[in-house]
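Asker: For reference, the file query_20.cif (mmCIF, C-alpha atoms) is included below:
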```
data_structure
#
loop_
_atom_site.label_atom_id
_atom_site.label_comp_id
_atom_site.auth_asym_id
_atom_site.auth_seq_id
_atom_site.Cartn_x
_atom_site.Cartn_y
_atom_site.Cartn_z
CA MET A 1 260.72 102.32 59.49
CA THR A 2 260.59 106.03 58.74
CA PRO A 3 258.53 106.53 55.62
CA THR A 4 259.37 110.21 55.24
CA LYS A 5 263.04 109.36 54.95
CA THR A 6 262.49 107.13 51.97
CA THR A 7 260.71 109.98 50.19
CA ASP A 8 263.49 112.39 51.07
CA LEU A 9 266.15 110.05 49.77
CA LYS A 10 264.72 110.12 46.31
CA ALA A 11 265.81 113.19 44.41
CA ASP A 12 262.42 113.71 42.80
CA PRO A 13 259.69 111.58 44.29
CA SER A 14 257.30 110.67 41.52
CA SER A 15 253.73 111.91 41.83
CA THR A 16 252.38 108.37 41.92
CA ASP A 17 254.44 107.85 45.05
CA GLU A 18 252.68 110.76 46.78
CA PHE A 19 249.43 109.03 45.99
CA ILE A 20 250.41 105.45 46.86
CA LYS A 21 252.07 106.21 50.20
CA GLY A 22 248.81 107.25 51.85
CA LEU A 23 247.02 104.17 50.61
CA TRP A 24 249.50 101.69 51.97
CA ARG A 25 252.96 102.56 53.29
CA GLU A 26 251.80 105.50 55.41
CA ASN A 27 248.16 104.51 55.80
CA PRO A 28 246.58 107.03 58.20
CA VAL A 29 244.89 104.43 60.38
CA PHE A 30 247.04 101.31 60.15
CA VAL A 31 250.46 103.01 60.15
CA GLN A 32 250.11 106.58 61.44
CA VAL A 33 247.25 105.65 63.81
CA LEU A 34 245.67 109.08 63.36
CA GLY A 35 242.01 110.07 63.59
CA MET A 36 241.06 107.32 66.03
CA CYS A 37 237.88 109.00 67.28
CA PRO A 38 235.78 108.57 64.11
CA THR A 39 237.62 105.33 63.30
CA LEU A 40 236.39 103.65 66.45
CA ALA A 41 233.09 105.42 66.90
CA VAL A 42 231.32 105.26 63.55
CA SER A 43 232.76 102.10 62.05
CA ASN A 44 229.88 100.01 63.46
CA SER A 45 228.45 99.36 60.01
CA ALA A 46 229.89 99.34 56.50
CA ILE A 47 227.71 102.19 55.26
CA ASN A 48 228.47 104.48 58.23
CA ALA A 49 232.19 103.78 57.89
CA LEU A 50 232.13 104.46 54.17
CA ALA A 51 230.18 107.71 54.54
CA MET A 52 232.45 108.92 57.34
CA GLY A 53 235.56 107.98 55.33
CA LEU A 54 234.34 109.76 52.22
CA ALA A 55 233.35 112.87 54.18
CA THR A 56 236.80 113.00 55.78
CA ALA A 57 238.51 112.38 52.45
CA PHE A 58 236.56 115.23 50.84
CA VAL A 59 237.50 117.65 53.62
CA LEU A 60 241.10 116.47 53.45
CA ILE A 61 241.39 116.97 49.69
CA MET A 62 239.67 120.36 49.62
CA SER A 63 241.55 121.77 52.60
CA ASN A 64 244.90 120.47 51.34
CA VAL A 65 244.34 122.12 47.96
CA LEU A 66 243.25 125.42 49.51
CA VAL A 67 246.04 125.45 52.10
CA SER A 68 248.59 124.65 49.42
CA SER A 69 247.35 127.38 47.09
CA LEU A 70 247.43 129.94 49.92
CA ARG A 71 250.75 128.73 51.37
CA ASN A 72 252.69 131.85 50.33
CA PHE A 73 249.91 134.14 51.46
CA ILE A 74 249.36 132.87 55.04
CA PRO A 75 251.87 134.34 57.56
CA LYS A 76 253.54 131.73 59.77
CA GLN A 77 252.08 133.13 63.02
CA VAL A 78 248.43 132.66 62.03
CA ARG A 79 248.77 129.48 59.99
CA ILE A 80 247.12 127.09 62.46
CA ALA A 81 244.14 129.42 62.91
CA SER A 82 243.85 129.74 59.14
CA TYR A 83 244.03 125.98 58.61
CA ILE A 84 241.34 125.34 61.22
CA LEU A 85 239.11 127.99 59.63
CA ILE A 86 239.53 126.37 56.22
CA ILE A 87 238.95 122.85 57.55
CA ALA A 88 235.87 123.93 59.53
CA THR A 89 234.38 125.50 56.40
CA PHE A 90 234.63 122.31 54.40
CA VAL A 91 233.25 120.30 57.31
CA THR A 92 230.21 122.58 57.41
CA MET A 93 229.75 122.07 53.68
CA VAL A 94 229.95 118.29 54.11
CA ASP A 95 227.43 118.51 56.95
CA TYR A 96 224.91 120.23 54.67
CA ALA A 97 225.67 117.82 51.84
CA ILE A 98 225.07 114.73 54.00
CA GLN A 99 221.81 116.22 55.28
CA ALA A 100 220.77 116.72 51.67
CA ILE A 101 221.63 113.12 50.79
CA SER A 102 219.91 111.30 53.65
CA VAL A 103 218.42 112.36 56.96
CA ASP A 104 218.94 108.88 58.41
CA LEU A 105 222.62 108.82 57.52
CA HIS A 106 223.03 112.26 59.07
CA LYS A 107 221.33 111.01 62.21
CA ASN A 108 223.62 107.95 62.39
CA LEU A 109 226.81 109.95 61.99
CA GLY A 110 225.45 112.64 64.30
CA ALA A 111 228.00 114.72 66.17
CA PHE A 112 230.91 112.94 64.48
CA ILE A 113 230.55 114.98 61.30
CA SER A 114 231.28 118.20 63.16
CA LEU A 115 234.17 116.42 64.86
CA ILE A 116 235.98 116.02 61.52
CA VAL A 117 237.25 119.55 62.24
CA VAL A 118 239.52 118.20 64.96
CA ASN A 119 240.59 115.06 63.12
CA CYS A 120 244.37 115.32 63.49
CA LEU A 121 244.89 113.56 60.18
CA ILE A 122 243.61 116.61 58.30
CA LEU A 123 245.53 119.22 60.28
CA SER A 124 248.69 117.12 60.12
CA ARG A 125 248.52 116.88 56.32
CA ALA A 126 247.91 120.62 56.04
CA GLU A 127 250.81 121.45 58.33
CA ALA A 128 253.27 118.75 57.31
CA PHE A 129 252.61 118.53 53.60
CA ALA A 130 250.27 121.03 51.95
CA SER A 131 251.94 124.09 53.44
CA LYS A 132 255.28 123.07 51.88
CA ASN A 133 254.31 121.54 48.55
CA THR A 134 252.70 122.48 45.24
CA ILE A 135 248.95 122.26 44.70
CA GLY A 136 249.21 119.19 42.48
CA LYS A 137 251.33 117.24 44.92
CA SER A 138 249.14 118.25 47.86
CA ALA A 139 246.03 117.12 46.01
CA LEU A 140 247.61 113.75 45.26
CA ASP A 141 248.82 113.39 48.82
CA ALA A 142 245.34 114.18 50.16
CA LEU A 143 243.70 111.83 47.67
CA GLY A 144 246.00 109.01 48.73
CA MET A 145 245.60 109.68 52.43
CA GLY A 146 241.84 110.15 52.04
CA LEU A 147 241.37 106.90 50.16
CA GLY A 148 243.66 105.16 52.64
CA PHE A 149 241.37 106.41 55.42
CA VAL A 150 238.25 105.26 53.56
CA PHE A 151 239.87 101.86 52.97
CA ALA A 152 240.83 101.45 56.63
CA LEU A 153 237.43 102.55 57.91
CA PHE A 154 235.70 100.24 55.49
CA CYS A 155 237.87 97.30 56.66
CA LEU A 156 236.73 97.97 60.22
CA GLY A 157 233.10 98.68 59.38
CA ALA A 158 232.71 95.59 57.19
CA VAL A 159 234.11 93.20 59.79
CA ARG A 160 232.03 94.74 62.56
CA GLU A 161 228.81 94.66 60.57
CA ILE A 162 229.32 91.12 59.27
CA LEU A 163 230.03 89.69 62.72
CA GLY A 164 227.80 91.97 64.76
CA ASN A 165 224.75 92.15 62.53
CA ALA A 166 225.28 89.22 60.12
CA SER A 167 224.96 91.61 57.20
CA ILE A 168 226.92 93.91 54.91
CA PHE A 169 225.40 97.18 53.65
CA GLY A 170 222.19 95.98 55.28
CA ILE A 171 222.10 92.78 53.17
CA THR A 172 222.04 89.61 55.28
CA VAL A 173 225.00 87.35 54.60
CA PHE A 174 224.67 84.67 57.24
CA PRO A 175 221.83 82.17 57.69
CA GLU A 176 219.21 82.76 60.37
CA SER A 177 220.94 80.29 62.73
CA PHE A 178 224.02 82.55 63.00
CA GLN A 179 224.25 84.12 66.45
CA GLU A 180 225.32 87.77 66.03
CA TRP A 181 228.26 88.96 68.09
CA ILE A 182 226.56 91.99 69.57
CA ILE A 183 229.84 93.14 71.13
CA MET A 184 231.24 93.91 67.68
CA ILE A 185 228.69 96.72 67.21
CA LEU A 186 229.41 98.13 70.67
CA PRO A 187 232.46 100.36 71.27
CA ALA A 188 234.50 97.45 72.60
CA GLY A 189 234.13 95.72 69.25
CA GLY A 190 235.77 98.71 67.60
CA PHE A 191 238.89 98.26 69.69
CA PHE A 192 238.99 94.51 69.05
CA THR A 193 238.62 94.95 65.31
CA LEU A 194 241.23 97.71 65.15
CA ALA A 195 243.67 95.58 67.12
CA PHE A 196 243.01 92.66 64.82
CA TRP A 197 243.67 94.72 61.67
CA LEU A 198 246.78 96.36 63.13
CA PHE A 199 248.08 92.90 63.98
CA LEU A 200 247.47 91.60 60.46
CA PHE A 201 248.99 94.70 58.88
CA ASN A 202 252.13 94.74 60.98
CA ASN A 203 252.55 91.00 60.77
CA TYR A 204 252.47 91.21 56.99
CA LYS A 205 254.95 94.10 56.96
CA LEU A 206 257.37 92.34 59.28
CA LYS A 207 257.30 89.18 57.21
CA LYS A 208 257.90 91.21 54.06
CA ALA A 209 260.80 93.07 55.65
CA LYS A 210 262.43 89.79 56.69
CA ALA A 211 262.08 88.22 53.26
CA MET D 1 259.27 130.62 67.61
CA SER D 2 260.46 133.20 70.12
CA ALA D 3 259.54 136.86 70.03
CA ASN D 4 263.04 137.84 68.95
CA GLN D 5 262.87 135.61 65.94
CA ILE D 6 259.54 137.04 64.89
CA LEU D 7 260.97 140.52 65.07
CA SER D 8 264.09 139.55 63.18
CA THR D 9 262.15 138.01 60.32
CA GLN D 10 259.80 140.98 60.20
CA PRO D 11 261.69 144.21 60.62
CA ASN D 12 258.51 146.27 60.65
CA PRO D 13 255.97 144.90 63.17
CA THR D 14 253.01 146.89 61.79
CA GLU D 15 253.75 145.52 58.35
CA GLY D 16 253.60 142.00 59.80
CA SER D 17 250.32 142.55 61.61
CA LYS D 18 248.79 144.04 58.51
CA LYS D 19 249.74 140.92 56.57
CA MET D 20 248.24 138.69 59.25
CA LEU D 21 245.06 140.73 59.34
CA ILE D 22 244.68 140.62 55.57
CA ALA D 23 245.30 136.87 55.52
CA MET D 24 242.79 136.11 58.28
CA VAL D 25 240.09 138.41 56.93
CA GLY D 26 240.68 137.16 53.40
CA ILE D 27 240.35 133.53 54.42
CA GLY D 28 237.34 134.40 56.58
CA VAL D 29 235.57 135.99 53.62
CA ILE D 30 236.30 133.03 51.32
CA CYS D 31 235.08 130.58 53.97
CA ALA D 32 231.92 132.56 54.69
CA LEU D 33 231.13 132.67 51.00
CA LEU D 34 231.60 128.91 50.64
CA ILE D 35 229.36 128.20 53.62
CA VAL D 36 226.61 130.50 52.40
CA LEU D 37 226.74 128.95 48.93
CA SER D 38 226.46 125.38 50.21
CA TYR D 39 223.69 126.39 52.65
CA GLU D 40 221.65 128.01 49.91
CA GLY D 41 222.36 125.14 47.52
CA THR D 42 221.15 122.39 49.84
CA LYS D 43 218.40 124.24 51.75
CA GLU D 44 215.50 123.21 49.55
CA ARG D 45 216.42 119.54 49.38
CA ILE D 46 217.08 119.34 53.14
CA GLU D 47 213.64 120.80 53.83
CA ILE D 48 211.95 118.26 51.56
CA LEU D 49 213.82 115.38 53.21
CA LYS D 50 213.01 116.68 56.68
CA ALA D 51 209.33 116.93 55.83
CA GLU D 52 209.42 113.36 54.53
CA ALA D 53 211.14 112.13 57.68
CA LEU D 54 208.53 113.93 59.76
CA GLU D 55 205.72 112.29 57.84
CA LYS D 56 207.26 108.87 58.45
CA ALA D 57 207.68 109.69 62.14
CA VAL D 58 203.94 110.49 62.46
CA PHE D 59 203.15 106.87 61.62
CA LYS D 60 205.59 105.75 64.33
CA VAL D 61 204.08 107.79 67.16
CA VAL D 62 200.39 107.21 66.44
CA PRO D 63 199.91 103.45 66.08
CA GLY D 64 197.38 101.90 63.75
CA ILE D 65 196.90 104.73 61.27
CA SER D 66 197.05 104.61 57.50
CA LYS D 67 196.88 108.28 56.55
CA THR D 68 197.40 111.71 58.04
CA ARG D 69 196.16 115.27 57.60
CA ILE D 70 198.04 118.37 58.64
CA PHE D 71 196.43 121.12 60.75
CA GLU D 72 197.83 124.43 61.81
CA LEU D 73 197.10 126.34 64.98
CA THR D 74 195.69 129.80 64.32
CA ALA D 75 196.26 132.83 66.53
CA GLU D 76 192.74 132.36 67.98
CA GLY D 77 193.65 128.87 69.19
CA THR D 78 191.62 126.97 66.61
CA PHE D 79 192.85 124.28 64.24
CA VAL D 80 192.41 124.56 60.48
CA LEU D 81 193.50 122.25 57.66
CA SER D 82 196.86 123.24 56.24
CA ASP D 83 199.23 122.22 53.46
CA GLY D 84 202.05 122.17 56.03
CA LYS D 85 204.32 124.35 53.87
CA ASP D 86 204.62 127.23 56.33
CA ARG D 87 207.08 125.85 58.87
CA SER D 88 206.81 128.89 61.13
CA LYS D 89 203.26 127.88 62.16
CA THR D 90 202.55 125.36 64.90
CA LEU D 91 201.54 122.21 63.06
CA VAL D 92 199.88 119.02 64.26
CA TYR D 93 199.31 115.80 62.33
CA ALA D 94 196.00 114.00 62.75
CA GLY D 95 196.06 110.28 61.99
CA TYR D 96 193.18 108.17 60.61
CA ASP D 97 192.83 104.43 60.06
CA ASP D 98 191.52 102.64 56.97
CA SER D 99 187.88 103.33 57.83
CA ASP D 100 188.55 107.08 58.29
CA ALA D 101 188.24 106.90 62.06
CA PHE D 102 190.28 109.50 63.95
CA LYS D 103 192.90 107.56 65.91
CA GLY D 104 195.20 110.18 67.37
CA ILE D 105 197.34 113.17 66.75
CA ALA D 106 201.07 113.76 66.46
CA ILE D 107 202.42 116.94 68.01
CA GLU D 108 205.80 118.46 67.29
CA ALA D 109 207.65 120.09 70.17
CA SER D 110 211.12 121.39 70.84
CA GLY D 111 213.25 122.63 73.70
CA GLN D 112 216.78 122.92 74.99
CA GLY D 113 218.61 119.63 75.41
CA TYR D 114 222.15 119.14 76.69
CA ALA D 115 223.95 120.01 73.45
CA ASP D 116 221.46 121.86 71.30
CA ILE D 117 217.76 122.25 70.63
CA LEU D 118 215.93 118.92 70.72
CA ARG D 119 213.07 118.46 68.27
CA ILE D 120 210.65 115.68 69.09
CA LEU D 121 207.31 114.33 67.97
CA TYR D 122 204.82 112.67 70.30
CA GLY D 123 201.50 110.98 69.68
CA TYR D 124 198.31 111.75 71.63
CA ASP D 125 195.23 109.57 71.76
CA PRO D 126 192.19 111.72 72.76
CA GLU D 127 190.07 108.61 73.34
CA GLU D 128 192.36 107.26 76.06
CA GLN D 129 193.71 110.69 77.01
CA THR D 130 197.27 109.38 76.92
CA VAL D 131 200.51 109.98 75.09
CA VAL D 132 200.97 106.87 72.95
CA GLY D 133 204.28 107.37 71.14
CA PHE D 134 207.45 109.37 71.03
CA TYR D 135 210.20 109.95 68.48
CA VAL D 136 213.31 112.16 68.37
CA LEU D 137 213.40 114.17 65.16
CA GLU D 138 216.58 116.09 65.74
CA SER D 139 219.22 115.80 68.43
CA LYS D 140 222.90 116.50 68.84
CA GLU D 141 223.13 114.84 72.25
CA THR D 142 226.40 113.17 73.25
CA PRO D 143 226.81 109.81 71.48
CA GLY D 144 226.71 106.97 74.00
CA LEU D 145 225.22 109.09 76.79
CA GLY D 146 222.59 111.68 75.87
CA ASP D 147 221.51 109.84 72.75
CA LYS D 148 220.09 107.08 74.95
CA ILE D 149 216.84 109.06 74.78
CA GLU D 150 216.45 107.59 71.30
CA LYS D 151 217.42 104.01 72.09
CA ASP D 152 216.85 103.13 75.74
CA GLU D 153 213.96 100.66 75.81
CA ASP D 154 212.96 101.48 79.40
CA PHE D 155 212.89 105.18 78.65
CA LEU D 156 210.87 104.75 75.47
CA SER D 157 208.33 102.59 77.30
CA ASN D 158 207.46 105.75 79.30
CA PHE D 159 205.62 106.99 76.26
CA LYS D 160 203.47 103.96 75.49
CA ALA D 161 200.79 105.09 77.94
CA LEU D 162 201.60 108.41 79.58
CA THR D 163 198.52 109.88 81.22
CA VAL D 164 197.60 113.42 80.18
CA ALA D 165 193.98 113.34 81.35
CA LEU D 166 192.22 116.72 81.55
CA THR D 167 190.45 118.21 84.54
CA GLU D 168 186.66 118.09 84.58
CA ASP D 169 186.19 121.53 83.04
CA LEU D 170 188.64 120.53 80.25
CA SER D 171 190.67 123.70 80.75
CA LYS D 172 193.97 122.09 81.76
CA ILE D 173 195.77 118.81 82.36
CA GLN D 174 194.97 117.27 85.73
CA ASN D 175 198.51 116.08 86.42
CA PRO D 176 201.11 117.76 84.21
CA VAL D 177 203.78 115.48 82.75
CA VAL D 178 206.91 115.71 84.89
CA PRO D 179 210.32 114.05 84.70
CA VAL D 180 211.45 112.05 87.73
CA LYS D 181 214.73 110.34 88.61
CA SER D 182 215.39 106.94 87.12
CA GLY D 183 213.38 104.21 88.86
CA LEU D 184 211.21 106.59 90.86
CA LYS D 185 208.19 106.61 88.55
CA LYS D 186 205.06 105.95 90.61
CA ASN D 187 202.28 107.66 88.71
CA PRO D 188 201.25 107.25 85.08
CA TRP D 189 202.02 110.92 84.31
CA GLU D 190 205.66 110.76 85.36
CA VAL D 191 208.58 110.26 82.97
CA ASP D 192 211.25 107.94 84.31
CA GLY D 193 214.72 109.36 83.60
CA ILE D 194 217.88 107.60 82.42
CA THR D 195 221.01 107.25 84.54
CA GLY D 196 223.88 108.68 82.48
CA ALA D 197 221.56 110.83 80.40
CA THR D 198 219.98 112.83 83.20
CA ILE D 199 219.86 116.19 81.47
CA SER D 200 218.69 114.84 78.11
CA SER D 201 215.96 112.65 79.60
CA ARG D 202 214.76 115.45 81.90
CA ALA D 203 214.67 117.76 78.90
CA ILE D 204 212.35 115.35 77.07
CA GLY D 205 210.03 115.15 80.09
CA ASN D 206 209.93 118.93 80.33
CA ILE D 207 209.40 119.47 76.60
CA ILE D 208 206.43 117.10 76.60
CA GLY D 209 205.13 118.58 79.85
CA GLU D 210 205.23 122.12 78.50
CA SER D 211 203.88 121.31 75.07
CA SER D 212 201.10 119.03 76.33
CA ALA D 213 199.92 121.60 78.89
CA LYS D 214 199.35 124.06 76.06
CA MET D 215 198.26 121.85 73.16
CA ILE D 216 196.22 119.03 74.67
CA PRO D 217 193.34 121.09 76.14
CA LEU D 218 193.05 122.86 72.76
CA ILE D 219 193.10 119.60 70.80
CA TYR D 220 190.67 117.81 73.09
CA SER D 221 188.11 120.60 72.97
CA GLN D 222 188.27 120.60 69.16
CA LYS D 223 188.15 116.83 68.73
CA GLU D 224 185.18 117.25 66.38
CA THR D 225 187.25 119.32 63.93
CA PHE D 226 189.67 116.46 63.50
CA ILE D 227 186.98 113.78 63.30
CA SER D 228 185.00 115.62 60.65
CA ALA D 229 188.11 116.35 58.57
CA ALA D 230 188.73 112.65 57.99
CA ASN D 231 187.30 112.69 54.52
CA PRO D 232 187.11 116.22 53.12
CA ASN D 233 186.14 114.99 49.65
CA SER D 234 182.76 113.80 50.86
CA LYS D 235 181.71 117.28 51.98
#
```
Rewrite the coordinates I just gave you, this time as structure tokens.
Answerer:
Amino acid sequence: MTPTKTTDLKADPSSTDEFIKGLWRENPVFVQVLGMCPTLAVSNSAINALAMGLATAFVLIMSNVLVSSLRNFIPKQVRIASYILIIATFVTMVDYAIQAISVDLHKNLGAFISLIVVNCLILSRAEAFASKNTIGKSALDALGMGLGFVFALFCLGAVREILGNASIFGITVFPESFQEWIIMILPAGGFFTLAFWLFLFNNYKLKKAKA
Amino acid sequence: MSANQILSTQPNPTEGSKKMLIAMVGIGVICALLIVLSYEGTKERIEILKAEALEKAVFKVVPGISKTRIFELTAEGTFVLSDGKDRSKTLVYAGYDDSDAFKGIAIEASGQGYADILRILYGYDPEEQTVVGFYVLESKETPGLGDKIEKDEDFLSNFKALTVALTEDLSKIQNPVVPVKSGLKKNPWEVDGITGATISSRAIGNIIGESSAKMIPLIYSQKETFISAANPNSK
């Protein structure tokens, strides 16, 4: 399936479509499989996954809006450098903001906040969408993609925390007798959980396509 | 895009470079402004949170205490009570138990790690003349490798009783704290390293070694200052 084609086929894709596609049809993690580094590394608990997702979504929205509003001003030859500069600025802002919210959260996310700069999801949306579309559409696209990323990361983080730590958001959900699956918190658990979600997602899509 | 195409789309090359320059500088200025604004906007709150985190850490590195008092090191090498607001001064945190007995002191130290400056806090018990606790305040070490200095049980057990006994004239530490390779620790003043986090764990050993060599003789010789400051209201 080529999602971009379906959008192109429509004469005037509605703005809700720009929003919805990131959430589901072109979900950044489950369909585009972009931004795997933070997806696997910091989805070891629901709160870390949520914070990482929101931070990425914020950077994505802000950089998409700024790139889109400057799209006629940035010469083609220096566009990538300009995009990276813009993205890095918002990442630095997020870094300060997270420090101001909670020192512990900042410590947990650690180096991965700075690594949002090189998250290919953000650069790909700037290059493939924001640089060619109006500000409004770019904002909607980024909002959809951002929320889709938050949703996917939360799916991973929740499963890993429930199985690996018998809790969700730090609240215990299983009785004392439950033996935690420590592997789910470790990096290997990230791969297992991602594979499991990709399987579910694709299975569902295939079934739907057949029907 | 090939060079020919660039030239064909931009008949005047200087015109094109000017445009690029304006765009890059313009974006640079906007970005710099945004960063400065968010830095200034969050600075105060970050400092408060960091101070709070530090306070909590003091209770982790000096066991069995219920309250702390902050001292600053003056230029003459003496310790005086401080409000801890001036972060440029060297600060130490004396810990007392419920009955106002002086239990130990937390010392902040920093040094170069693998990725960036490491800021740590370690606890010193003058009674036993040992380091009794250790905590990483700030680190950007590689996740999964260098950050083992915060999690590795074997490494952390180095700092439950690390000997920093002074020589007889109390002028310096008898055996300075030194890092050794993983598994080679023989003496109580050596810090056993971590395989896979060699640089980070060595850095911690060196930071403590350097800081303790300077601070511990000073603290030990002024033990009375800390003991008598336990309850300033009674004076």
Asker: For chain A, which of D:Phe102, D:Trp189, D:Tyr93, D:Tyr39 is the closest residue, counting all atoms listed in the file?
Answerer: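 Between D:Phe102, D:Trp189, D:Tyr93, D:Tyr39, the residue approaching chain A most closely is D:Tyr39.
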Asker: Within 6 Å of chain A, which residues of chain D are there when counting only C-alpha atoms? Please give them as a list of chain:residue names.
Answerer: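 Residues of chain D within 6 Å of chain A, counting only C-alpha atoms: D:Met20, D:Ala23, D:Cys31, D:Ser38, D:Thr42, D:Arg45, D:Ile46.
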Asker: When distances are computed from only C-alpha atoms, which of D:Pro179, D:Ser139, D:Ser221, D:Ser171 shows the smallest separation from D:Asn158?
Answerer: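 That would be D:Pro179, the residue with the smallest distance to D:Asn158.
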Asker: Counting only C-alpha atoms, which residues of stretch 62-115 of chain A fall within 10 Å of stretch 134-137 of chain A, and what is the closest atom pair for each with its distance in Å at one decimal, ordered by chain and rising number, as JSON lines?
Answerer:
```
{"residue": "A:Asn64", "atom": "CA", "partner": "A:Ile135", "partner_atom": "CA", "distance": 8.0}
{"residue": "A:Val65", "atom": "CA", "partner": "A:Ile135", "partner_atom": "CA", "distance": 5.6}
{"residue": "A:Leu66", "atom": "CA", "partner": "A:Ile135", "partner_atom": "CA", "distance": 8.1}
{"residue": "A:Val67", "atom": "CA", "partner": "A:Ile135", "partner_atom": "CA", "distance": 8.6}
{"residue": "A:Ser68", "atom": "CA", "partner": "A:Ile135", "partner_atom": "CA", "distance": 5.3}
{"residue": "A:Ser69", "atom": "CA", "partner": "A:Ile135", "partner_atom": "CA", "distance": 5.9}
{"residue": "A:Leu70", "atom": "CA", "partner": "A:Ile135", "partner_atom": "CA", "distance": 9.4}
{"residue": "A:Arg71", "atom": "CA", "partner": "A:Thr134", "partner_atom": "CA", "distance": 9.0}
```
Asker: Just so the selection is clear, what residues does the PyMOL selection byres ((chain D and resi 148) around 12) cover here, as a PyMOL selection string?
Answerer: chain D and resi 136+139-147+149-156+193-201+204
Asker: Figure out the distance between atom CA of A:Gly148 and atom CA of A:Ala195, please, to one decimal in Å.
Answerer: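 Those two atoms sit 17.4 Å apart.
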Asker: Report, in Å to a single decimal, how far apart atom CA of A:Cys155 and atom CA of A:Leu105 are.
Answerer: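 Taking atom CA of A:Leu105 and atom CA of A:Cys155, their separation equals 19.1 Å.
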Asker: Evaluate the PyMOL selection byres ((chain D and resi 55-61) around 6) here and jot the selected residues down as a compact mmCIF listing (two decimals) with C-alpha atoms, keeping the file's coordinate frame.
Answerer:
```
# COMPACT_ATOMS: atom_id res chain seq x y z
CA GLU D 52 209.42 113.36 54.53
CA ALA D 53 211.14 112.13 57.68
CA LEU D 54 208.53 113.93 59.76
CA VAL D 62 200.39 107.21 66.44
CA ALA D 106 201.07 113.76 66.46
CA TYR D 122 204.82 112.67 70.30
CA GLY D 123 201.50 110.98 69.68
CA GLY D 133 204.28 107.37 71.14
CA PHE D 134 207.45 109.37 71.03
```
Asker: Hey, can you check how far atom CA of D:Pro63 sits from atom CA of D:Gly95?
Answerer: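 Atom CA of D:Gly95 lies at a distance of 8.8 Å from atom CA of D:Pro63.
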Asker: Neighbouring residues of D:Thr167 were defined as those with any atom within 12 Å, considering all atoms listed in the file; residues of the same chain fewer than 6 positions away were excluded. Please report them as a list in words.
Answerer: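 Once the nearby chain positions are removed, what remains is Gln129, Ile173, Gln174, Asn175, Pro176, Ala213, Ile216, Pro217 and Tyr220 of chain D.
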Asker: For the structure shown, which residues end up in the PyMOL selection byres ((chain D and resi 100) around 12)? Put them as a PyMOL selection string, please?
Answerer: chain D and resi 64-69+94-99+101-104+226-234
Asker: Write to file, as a PDB file, in the frame of the given file, the residues of the selection just made, with C-alpha atoms.
Answerer:
```pdb
ATOM      1  CA  GLY D  64     197.380 101.900  63.750  1.00  0.00           C
ATOM      2  CA  ILE D  65     196.900 104.730  61.270  1.00  0.00           C
ATOM      3  CA  SER D  66     197.050 104.610  57.500  1.00  0.00           C
ATOM      4  CA  LYS D  67     196.880 108.280  56.550  1.00  0.00           C
ATOM      5  CA  THR D  68     197.400 111.710  58.040  1.00  0.00           C
ATOM      6  CA  ARG D  69     196.160 115.270  57.600  1.00  0.00           C
ATOM      7  CA  ALA D  94     196.000 114.000  62.750  1.00  0.00           C
ATOM      8  CA  GLY D  95     196.060 110.280  61.990  1.00  0.00           C
ATOM      9  CA  TYR D  96     193.180 108.170  60.610  1.00  0.00           C
ATOM     10  CA  ASP D  97     192.830 104.430  60.060  1.00  0.00           C
ATOM     11  CA  ASP D  98     191.520 102.640  56.970  1.00  0.00           C
ATOM     12  CA  SER D  99     187.880 103.330  57.830  1.00  0.00           C
ATOM     13  CA  ALA D 101     188.240 106.900  62.060  1.00  0.00           C
ATOM     14  CA  PHE D 102     190.280 109.500  63.950  1.00  0.00           C
ATOM     15  CA  LYS D 103     192.900 107.560  65.910  1.00  0.00           C
ATOM     16  CA  GLY D 104     195.200 110.180  67.370  1.00  0.00           C
ATOM     17  CA  PHE D 226     189.670 116.460  63.500  1.00  0.00           C
ATOM     18  CA  ILE D 227     186.980 113.780  63.300  1.00  0.00           C
ATOM     19  CA  SER D 228     185.000 115.620  60.650  1.00  0.00           C
ATOM     20  CA  ALA D 229     188.110 116.350  58.570  1.00  0.00           C
ATOM     21  CA  ALA D 230     188.730 112.650  57.990  1.00  0.00           C
ATOM     22  CA  ASN D 231     187.300 112.690  54.520  1.00  0.00           C
ATOM     23  CA  PRO D 232     187.110 116.220  53.120  1.00  0.00           C
ATOM     24  CA  ASN D 233     186.140 114.990  49.650  1.00  0.00           C
ATOM     25  CA  SER D 234     182.760 113.800  50.860  1.00  0.00           C
TER      26      SER D 234
END
```
Asker: Can you list, as a CSV table (one decimal) with C-alpha atoms, keeping the file's coordinate frame, every protein, DNA or RNA residue that comes within 10 Å of D:Leu162 when you count only C-alpha atoms, leaving out same-chain residues fewer than 5 positions away?
Answerer:
```csv
chain,number,residue,atom,x,y,z
D,124,TYR,CA,198.3,111.8,71.6
D,128,GLU,CA,192.4,107.3,76.1
D,129,GLN,CA,193.7,110.7,77.0
D,130,THR,CA,197.3,109.4,76.9
D,131,VAL,CA,200.5,110.0,75.1
D,132,VAL,CA,201.0,106.9,73.0
D,133,GLY,CA,204.3,107.4,71.1
D,157,SER,CA,208.3,102.6,77.3
D,177,VAL,CA,203.8,115.5,82.8
D,187,ASN,CA,202.3,107.7,88.7
D,188,PRO,CA,201.2,107.2,85.1
D,189,TRP,CA,202.0,110.9,84.3
D,190,GLU,CA,205.7,110.8,85.4
D,191,VAL,CA,208.6,110.3,83.0
```
Asker: Restricting the calculation to only C-alpha atoms: of A:Phe196, A:Trp24, A:Glu176, A:Ser63, which residue gets closest to A:Phe129?
Answerer: A:Ser63
